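Okay, so here's the structure we're looking at.
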Amino acid sequence: MASNELRRGYSIGEMARRTGVKIETIRYYERCGVLPRPDRTAGGNRQYDHEMLKRLNFVRRSRDMGFSLKEVRALLEMVDENTLSCAEVHQITTVHLDTIRRRISGLKRLEKALGAMAAECSRGDVPDCPIVDTLYEGHALPGG
């Protein structure tokens, strides 16, 4: 990357195009402190630098991996305070992985329950529907 590109400022629209993050989401990240508020041009437009572009990419990738804003903030605080430790990052990641595994397990139970409900349905043109009946009866999900 050319050094003049590193010094060049980016508008909020350019940040959105380069990262795939919507403009309103970038503004939200600024409000909640995940992304620092940028300098403004004489005309009042946001002007981001290359480090902010990298940080926004980090946030987007972290969010794509399912990390919560709280987890992203914790990771960024370690980076910002220069206290980053692989052990702490590993801890945050493994806790997140456990959460994802629990969600997957719950989704598998949900898939099984919906499959069983769908199998009970004759798809007939009658007023009684076993799917609706099951939902009204409030039975627990299989395995849940």
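Ordered as shown in the structure tokens, chains take letters A, B, and onward, while each chain numbers its residues from 1 and ligands are numbered from 1 in the order shown.
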If you run DSSP over the backbone, which residues in range 28-134 of chain A end up alpha helix (DSSP H)? Put them as a PyMOL selection string. chain A and resi 28-31+50-64+69-80+86-120+130-134
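Within 12 Å of Ser85 in chain A, once only C-alpha atoms are used and residues closer than 5 positions along the same chain are dropped, the contacting residues are Ala74, Leu75, Leu76, Glu77, Met78, Val79, His90, Gln91 and Ile92 of chain A.
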For a test of reading the model, state the distance in Å between CA of Tyr136 in chain A and CA of Arg123 in chain A, rounded to one decimal. 18.2 Å
Counting only C-alpha atoms, figure out which residue out of A:Lys112, A:Arg18, A:His96, A:Arg40 gets nearest to Lys54 in chain A. A:Arg18
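CA of Val72 in chain A to CA of Val59 in chain A spans 6.7 Å [interatomic distance, one decimal].
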So, counting only C-alpha atoms, which residue among A:Arg37, A:Thr99, A:Glu81, A:Tyr48 is closest to Met65 in chain A? A:Thr99
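Here the question is which of A:Arg60, A:Arg46, A:Arg73, A:Arg109 gets nearest to Thr25 in chain A using only C-alpha atoms, and that residue is A:Arg60.
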Contacts of Cys121 in chain A within 7 Å, only C-alpha atoms, excl. fewer than 5 positions in-chain, as a VMD selection string: chain A and resid 129 to 131
Once you have the residues from the selection above, write them out as a tab-separated table (two decimals), in the first residue's frame, restricted to N, CA and C atoms.
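Written file, part08.tsv:
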```
chain	number	residue	atom	x	y	z
A	129	CYS	N	-54.97	-28.71	12.64
A	129	CYS	CA	-53.57	-28.72	12.19
A	129	CYS	C	-52.69	-29.16	13.35
A	130	PRO	N	-51.98	-30.28	13.20
A	130	PRO	CA	-51.16	-30.78	14.30
A	130	PRO	C	-50.03	-29.81	14.68
A	131	ILE	N	-49.56	-29.02	13.73
A	131	ILE	CA	-48.48	-28.06	14.05
A	131	ILE	C	-49.03	-26.99	14.99
```
Using CA of Phe67 in chain A and CA of Thr93 in chain A as the two end points, give the distance in Å to one decimal. 8.5 Å
From the list A:Tyr28, A:Gly20, A:Ala42, A:Ala87, which residue is nearest Phe58 in chain A when using only C-alpha atoms? A:Gly20
Extract, using only C-alpha atoms, all DNA, RNA and protein residues at most 12 Å from Gly44 in chain A, discarding same-chain residues fewer than 5 positions from it, and format them as a list in words. Ser11, Ile12, Pro38 and Asp39 of chain A
Write out as a ChimeraX atom specification each polymer residue whose atoms come within 12 Å of Gly66 in chain A, counting only C-alpha atoms; drop sequence neighbours fewer than 2 positions from it. /A:59-64,68-72,93,95-101,103
